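Accompanying notes for the structure given below.
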Amino acid sequence: MTDQLDSGYDVVVIGGGAAGLSGALTLARARRSVVVIDAGAPRNAPAEGVHGLLAREGIRPAELLERGRAEVRGYGGRVVTGEVEAVTRADGGFTVALGDGRTARARRLLVATGLVDELPDVPGLRERWGRDVLHCPYCHGWEVRDRAIGVLAGGPLSVHQALLFRQLSADVTYFRHTSALSDEQAEQLAAREIRVVDGEIASLEVVGDRLVGVRLGDGTVVDRDALAVSSRMVARAGFLAALGLTAADHPAGVGEHVPADPTGRTDVPGVWVAGNVTDPAAQVGAAAAAGVVAAAQINADLVAEETRRAVATRRDPFSARSEAALCEQVVGDRRHGL
């Protein structure tokens with residue numbers, strides 16, 4: 001990756017995961033000048049492999065991103081290391097400011113910064129995250145099939161999570177921790193022969209860099225090979241505040257996300273979102289697909305704007321061109337080597 005950053009682009013993509021890189025690839029293939037600004041902190045970095053991704057099953061997360069960056073560059077796109085600090089309106093577009101003082105102008109934005117998993121305050125949990133402390137049965141379930149699985153209650157979907165993991169193993173234990181169970185939920189767990197354990201979890205038992213059990217506050221240790229946890233998922237979107245775009249509570253109660261329509265278009269004109277920043281449940285394949293959809297919409301939006309200006313110029317060839325139109329021409333000339 002290079003730190004070189006030009007002054008202006010058709011599109012600045014913030015976030016270089018599956019959604020951001022897929023969006024950038026689509027835009028670059030549409031002959032748009034595009035740069036991806038990536039802070040280098042992918043959510044799935046601790047995982048051994050990416051699962052459920054057709055033709056790339058089990059690929060290491062780092063390798064997937066490395067291939068994606070190379071593909072974007074292969075079509076003339078740019079990938080830059082950096083962390084975006086703020087985004088502001090400027091001359092019909094946006095100014096993207098990085099933490100180190102660099103800036104870039106953009107006609108449109110694609111935000112694909114993902115989310116942060118906030119975990120319960122249990123000693124040892126964070127260190128095992130993405131290894132034998134899991135969250136998604138579709139991402140990690142096959143790897144712990146038929147083993148002793150625990151589910152740590154902590155969110156509105158914890159019981160649902162336990163029922164999903166029961167599909168993968170007959171030995172599932174539900175740790176209530178500090179949460180309550182309704183009569184209906186208790187009946188569901190009992191019907192699926194999922195054991196319920198009361199009492200707060202004090203820590204995890206790890207031997208030889210492997211989870212072997214869960215220790216309760218009274219000292220009791222319940223043997224487990226894996227522990228599923230529902231994290232509180234919070235969108236990485238604080239830098240959008242100056243645009244009036246902030247994260248909102250997710251309807252499912254799992255955390256915060258940036259609301260958008262099915263194409264990724266937000267309430268702020270010119271700003272699209274894709275991936276986990278707007279859809280916390282999206283796996284890698286879904287995030288990548290959302291990036292493509294958003295990129296296509298961005299390109300169509302730019303084409304519509306350029307067509308309106310071309311029509312206006314054709315009707316009045318002597319009309320003054322706005323600064324925004326001039327900037328557009330400069331960006332386009334740079335992209336096509338003129």
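Letters A, B, ... go to the chains of the structure tokens in the order shown; residues in each chain start at 1; ligands are counted from 1 in the same order.
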### Query
as a PyMOL selection string, which residues of range 207-322 of chain A does DSSP assign to helix (DSSP H, G or I)?
chain A and resi 238-243+275-277+284-315
Residues just named, written with C-alpha atoms as a CSV table (one decimal), in the first residue's frame:
```csv
chain,number,residue,atom,x,y,z
A,238,GLY,CA,-18.1,9.1,14.2
A,239,PHE,CA,-16.2,10.9,11.5
A,240,LEU,CA,-19.5,11.5,9.6
A,241,ALA,CA,-20.9,13.8,12.4
A,242,ALA,CA,-20.2,17.0,10.6
A,243,LEU,CA,-22.4,15.9,7.7
A,275,GLY,CA,-21.2,-3.8,4.7
A,276,ASN,CA,-21.3,-4.1,8.5
A,277,VAL,CA,-21.4,-0.3,9.1
A,284,VAL,CA,-18.1,-11.3,3.9
A,285,GLY,CA,-20.0,-12.4,0.8
A,286,ALA,CA,-23.0,-10.2,1.6
A,287,ALA,CA,-20.7,-7.2,2.5
A,288,ALA,CA,-18.9,-7.6,-0.8
A,289,ALA,CA,-22.2,-7.7,-2.8
A,290,ALA,CA,-23.4,-4.6,-1.0
A,291,GLY,CA,-20.3,-2.8,-2.0
A,292,VAL,CA,-20.9,-3.6,-5.6
A,293,VAL,CA,-24.6,-2.5,-5.4
A,294,ALA,CA,-23.6,0.8,-3.8
A,295,ALA,CA,-20.8,1.4,-6.3
A,296,ALA,CA,-23.2,0.9,-9.2
A,297,GLN,CA,-25.6,3.4,-7.7
A,298,ILE,CA,-22.8,5.9,-7.2
A,299,ASN,CA,-21.7,5.6,-10.8
A,300,ALA,CA,-25.2,6.0,-12.0
A,301,ASP,CA,-25.6,9.1,-9.9
A,302,LEU,CA,-22.5,10.6,-11.3
A,303,VAL,CA,-23.5,9.8,-14.8
A,304,ALA,CA,-26.9,11.5,-14.2
A,305,GLU,CA,-25.1,14.6,-12.9
A,306,GLU,CA,-22.6,14.7,-15.8
A,307,THR,CA,-25.5,14.3,-18.3
A,308,ARG,CA,-27.4,17.2,-16.8
A,309,ARG,CA,-24.4,19.4,-17.1
A,310,ALA,CA,-23.7,18.3,-20.7
A,311,VAL,CA,-27.3,19.1,-21.6
A,312,ALA,CA,-27.0,22.5,-20.0
A,313,THR,CA,-23.8,23.2,-21.8
A,314,ARG,CA,-25.2,22.1,-25.2
A,315,ARG,CA,-28.2,24.4,-24.7
```
### Task
Check the smallest atom-to-atom distance from each of A:Asp132, A:Asp6, A:Asp261, A:Asp100 to Ala47 in chain A using only C-alpha atoms, then report the winner.
A:Asp132
